[in-house]
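K.L.:
This structure is in structure tokens; I'll ask about it shortly.
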Amino acid sequence: MFHFNCRKNLNYFLQLFFFFSPIKHCVTQMNTLSIWILSAVVCLGRSHHHLGHGQEETGQDTAVDPGTSSVSLVTSANKEFTYSLYRKLAAHADLQGKNIFFSPRSVSMALAALSVGARGETHEQLFSGLGFNSSLLTQANVDQLSQEDTSEGTAVFMDNCFKPQPDFLEVLKQSYFSEGFNVDFSKTTDSANTINTYVAEKTKGKIDKLVENLDPNTVMYLISYIYFKGKWQTPFEPKLTKEEDFNVAENTKVPVQMMNMEEDEDVDVYHDLAINTSVLHLPFNSSYSMLLMLPNNMAELETAICPGHVTKWLKWMKSRTYDIFVPKFSIKNSYKLNDVLNQMGMTDMFGDRADLSGISEGQKLAVSEVVHQATLDVDEAGAIATAATGIGIGCLSLQYIPVMRFNRPFMVMIVDRITEETLFIGKITNPNE
């Protein structure tokens, strides 16, 4: 067994968590290698594509001055990636009318980590899909960005029979601060339990069964996790929480526990007339905040929203007296991202054109599955959000007080007020789903 000390210093905007799954080559057979980052199972030669029938999003122009720092370049790319991926998920037929919640940071971190072992056109597609300008950014630039103080990290679970490239492991150790463990993947149940126990511990039990059906040919799992817990600067008063209706659709209502903030509390709001959306700013006792967006037309907001909106909202928020109502809820979402990433130009890594020789030169590897899990719990005291991404790699007063009541579908973000990076983003269609 080997062990990498888990260092907590990797940049907030470079938190991509993912799983890999290369192929294992023992003396008598070729098996499947899987490197996972918090939620992916992979097998060689398979290319199951899910999620992905939305329109291509071109995003905003991200051209930058050549003198711009690598930190700024990555931050800008991550912001654009957030909305490109959101729109792909929102447009998917299977998610119509459903809650959406994910961590763009987790997904981008996972894919960035995968790019450490990618070469040639496969690497170019990953960089392009993530919005990185390859003429201004190198893989080393991306790897060298340091991490902030949210609870996140990675781990590598490797079979004794598989030996990946030492340089690949060294970059994961030095830049992604991985812990390393040896397991016997021929004992599929025991190996899955070992991984799930580790992930559950790191996410405080929120993601407790990342691996369900572990392929017996798996030789590597690369795990990445993120756990966020924030306390409101101004908490909701529990005694004011009561049951109310939430309007899921025109003729559909569900009961929810609706929290209410004291009427004498001022809150930061912004009414964006251009997209007919009211935005509520709920700061945590940290640099992070939750933004709740209540649109007149959800489709209009989802189509228009971009990084510039967050910049505008945070800058021009005004403190006003409102009677605030926000539902108390807990949701958990799981996604398979193969088709979505294909639509974003990351195609070669899923087939026989994949070049992942930076992970192992001895086998022909390809990504078989990319999965993501995320949870969000909101109550009177604050919010807890967790996420994991997995990449499987295998071979082949008396005055009038206006009311803002979030009793119909709304969007939600957790953002860093300083960098404006989006840690989590989603849409709450049904808090009881």
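Residues in the structure tokens are named by chain (A, B, ... in the order shown) and by number from 1 within that chain; ligands are numbered from 1 in the order shown.
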Any idea what's packed within 10 Å of stretch 87-100 of chain A, counting only C-alpha atoms, ignoring anything in its chain fewer than 6 positions away? Could you give it as a PyMOL selection string?
P.N.:
chain A and resi 50-57+248-249+299+302-305+331-335+337+339-341+343-344+374+409-412+425-433
K.L.:
Which residues come within 7 Å of A:Gln233, counting only C-alpha atoms, excluding same-chain residues fewer than 4 positions away, as an MDAnalysis selection string?
P.N.:
chainID A and resid 283:285
K.L.:
Taking into account only C-alpha atoms, which residue in the set A:Gln144, A:Thr203, A:Asn276, A:Ser106 is nearest to A:Gly390?
P.N.:
A:Ser106
K.L.:
For a test of reading the model, state the distance in Å between atom CA of A:Arg405 and atom CA of A:Tyr270, rounded to one decimal.
P.N.:
14.6 Å
K.L.:
Got a sec: who's within 9 Å of A:Asn193, counting only C-alpha atoms, leaving out chain neighbours fewer than 5 positions off, as a ChimeraX atom specification?
P.N.:
/A:188,198,209,211-212
K.L.:
Could you go through stretch 86-326 of chain A and tell me which residues DSSP, when run on the backbone, assigns to helix (DSSP H, G or I), listing them as a PyMOL selection string?
P.N.:
chain A and resi 86-91+93-95+104-115+120-129+139-144+166-175+188-202+238-240+273-275+298-304+307-316
K.L.:
What would the file look like if the residues just selected were written as a PDB file, in the first residue's frame with C-alpha atoms?
P.N.:
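Ended up saving to result-v3.pdb:
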```
ATOM      1  CA  TYR A  86     -26.045  23.722 -17.408  1.00  0.00           C
ATOM      2  CA  ARG A  87     -27.806  24.392 -20.711  1.00  0.00           C
ATOM      3  CA  LYS A  88     -26.924  20.922 -21.995  1.00  0.00           C
ATOM      4  CA  LEU A  89     -28.477  19.338 -18.921  1.00  0.00           C
ATOM      5  CA  ALA A  90     -31.521  21.621 -18.921  1.00  0.00           C
ATOM      6  CA  ALA A  91     -32.197  20.801 -22.587  1.00  0.00           C
ATOM      7  CA  ALA A  93     -35.342  15.320 -22.638  1.00  0.00           C
ATOM      8  CA  ASP A  94     -35.013  13.118 -19.546  1.00  0.00           C
ATOM      9  CA  LEU A  95     -34.593  16.174 -17.298  1.00  0.00           C
ATOM     10  CA  PRO A 104     -19.340  22.675 -12.418  1.00  0.00           C
ATOM     11  CA  ARG A 105     -16.153  22.887 -10.352  1.00  0.00           C
ATOM     12  CA  SER A 106     -16.262  19.176  -9.651  1.00  0.00           C
ATOM     13  CA  VAL A 107     -16.865  18.247 -13.285  1.00  0.00           C
ATOM     14  CA  SER A 108     -14.216  20.608 -14.627  1.00  0.00           C
ATOM     15  CA  MET A 109     -11.708  19.433 -12.028  1.00  0.00           C
ATOM     16  CA  ALA A 110     -12.332  15.827 -12.986  1.00  0.00           C
ATOM     17  CA  LEU A 111     -11.847  16.537 -16.679  1.00  0.00           C
ATOM     18  CA  ALA A 112      -8.774  18.673 -16.013  1.00  0.00           C
ATOM     19  CA  ALA A 113      -7.300  15.810 -14.036  1.00  0.00           C
ATOM     20  CA  LEU A 114      -8.096  13.434 -16.893  1.00  0.00           C
ATOM     21  CA  SER A 115      -6.293  15.781 -19.268  1.00  0.00           C
ATOM     22  CA  GLY A 120      -2.698  14.724 -28.938  1.00  0.00           C
ATOM     23  CA  GLU A 121      -6.187  15.470 -30.231  1.00  0.00           C
ATOM     24  CA  THR A 122      -7.786  13.948 -27.131  1.00  0.00           C
ATOM     25  CA  HIS A 123      -5.992  16.530 -24.984  1.00  0.00           C
ATOM     26  CA  GLU A 124      -6.920  19.356 -27.370  1.00  0.00           C
ATOM     27  CA  GLN A 125     -10.597  18.392 -27.209  1.00  0.00           C
ATOM     28  CA  LEU A 126     -10.571  18.278 -23.415  1.00  0.00           C
ATOM     29  CA  PHE A 127      -8.929  21.699 -23.209  1.00  0.00           C
ATOM     30  CA  SER A 128     -11.289  23.159 -25.795  1.00  0.00           C
ATOM     31  CA  GLY A 129     -14.362  21.650 -24.160  1.00  0.00           C
ATOM     32  CA  GLN A 139      -1.325  21.624 -18.790  1.00  0.00           C
ATOM     33  CA  ALA A 140       1.271  22.731 -16.249  1.00  0.00           C
ATOM     34  CA  ASN A 141      -0.524  26.091 -15.863  1.00  0.00           C
ATOM     35  CA  VAL A 142      -3.747  24.285 -15.057  1.00  0.00           C
ATOM     36  CA  ASP A 143      -2.079  21.816 -12.690  1.00  0.00           C
ATOM     37  CA  GLN A 144      -0.154  24.449 -10.758  1.00  0.00           C
ATOM     38  CA  PRO A 166       4.833   7.276 -12.472  1.00  0.00           C
ATOM     39  CA  ASP A 167       4.662  10.800 -13.923  1.00  0.00           C
ATOM     40  CA  PHE A 168       0.861  10.630 -14.014  1.00  0.00           C
ATOM     41  CA  LEU A 169       0.682   9.653 -10.350  1.00  0.00           C
ATOM     42  CA  GLU A 170       3.225  12.307  -9.411  1.00  0.00           C
ATOM     43  CA  VAL A 171       1.148  15.093 -10.978  1.00  0.00           C
ATOM     44  CA  LEU A 172      -1.953  13.848  -9.173  1.00  0.00           C
ATOM     45  CA  LYS A 173       0.016  13.799  -5.939  1.00  0.00           C
ATOM     46  CA  GLN A 174       1.652  17.199  -6.320  1.00  0.00           C
ATOM     47  CA  SER A 175      -1.088  19.191  -8.090  1.00  0.00           C
ATOM     48  CA  THR A 188     -15.529  -6.510  -6.220  1.00  0.00           C
ATOM     49  CA  THR A 189     -17.819  -6.190  -3.210  1.00  0.00           C
ATOM     50  CA  ASP A 190     -14.987  -5.481  -0.784  1.00  0.00           C
ATOM     51  CA  SER A 191     -13.380  -2.969  -3.161  1.00  0.00           C
ATOM     52  CA  ALA A 192     -16.658  -1.140  -3.728  1.00  0.00           C
ATOM     53  CA  ASN A 193     -17.282  -0.993   0.005  1.00  0.00           C
ATOM     54  CA  THR A 194     -13.791   0.403   0.588  1.00  0.00           C
ATOM     55  CA  ILE A 195     -14.337   3.178  -1.958  1.00  0.00           C
ATOM     56  CA  ASN A 196     -17.862   3.962  -0.761  1.00  0.00           C
ATOM     57  CA  THR A 197     -16.737   4.138   2.854  1.00  0.00           C
ATOM     58  CA  TYR A 198     -13.996   6.600   1.906  1.00  0.00           C
ATOM     59  CA  VAL A 199     -16.363   8.809  -0.109  1.00  0.00           C
ATOM     60  CA  ALA A 200     -19.056   8.715   2.580  1.00  0.00           C
ATOM     61  CA  GLU A 201     -16.515   9.819   5.167  1.00  0.00           C
ATOM     62  CA  LYS A 202     -15.301  12.719   3.033  1.00  0.00           C
ATOM     63  CA  PRO A 238     -37.354  28.266  12.745  1.00  0.00           C
ATOM     64  CA  LYS A 239     -40.572  29.323  14.502  1.00  0.00           C
ATOM     65  CA  LEU A 240     -41.644  31.144  11.332  1.00  0.00           C
ATOM     66  CA  LEU A 273     -35.499  43.787 -16.054  1.00  0.00           C
ATOM     67  CA  ALA A 274     -33.577  42.635 -19.124  1.00  0.00           C
ATOM     68  CA  ILE A 275     -34.351  38.995 -18.348  1.00  0.00           C
ATOM     69  CA  MET A 298     -37.601  30.013 -16.635  1.00  0.00           C
ATOM     70  CA  ALA A 299     -36.699  29.193 -20.248  1.00  0.00           C
ATOM     71  CA  GLU A 300     -35.754  32.823 -20.893  1.00  0.00           C
ATOM     72  CA  LEU A 301     -33.459  32.860 -17.861  1.00  0.00           C
ATOM     73  CA  GLU A 302     -31.837  29.533 -18.721  1.00  0.00           C
ATOM     74  CA  THR A 303     -31.124  30.694 -22.262  1.00  0.00           C
ATOM     75  CA  ALA A 304     -29.745  34.102 -21.296  1.00  0.00           C
ATOM     76  CA  PRO A 307     -21.049  35.015 -16.185  1.00  0.00           C
ATOM     77  CA  GLY A 308     -21.771  38.684 -16.820  1.00  0.00           C
ATOM     78  CA  HIS A 309     -25.079  38.395 -15.008  1.00  0.00           C
ATOM     79  CA  VAL A 310     -23.423  37.206 -11.793  1.00  0.00           C
ATOM     80  CA  THR A 311     -20.945  40.085 -12.024  1.00  0.00           C
ATOM     81  CA  LYS A 312     -23.787  42.576 -12.467  1.00  0.00           C
ATOM     82  CA  TRP A 313     -25.939  41.113  -9.699  1.00  0.00           C
ATOM     83  CA  LEU A 314     -23.172  41.039  -7.114  1.00  0.00           C
ATOM     84  CA  LYS A 315     -22.082  44.564  -7.994  1.00  0.00           C
ATOM     85  CA  TRP A 316     -25.487  46.258  -8.100  1.00  0.00           C
TER      86      TRP A 316
END
```
K.L.:
Considering only C-alpha atoms, can you say which of A:Ala118, A:Ile384, A:Phe325, A:Asp272 comes closest to A:Leu365?
P.N.:
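Of A:Ala118, A:Ile384, A:Phe325, A:Asp272, the one nearest A:Leu365, counting only C-alpha atoms, is A:Ala118.
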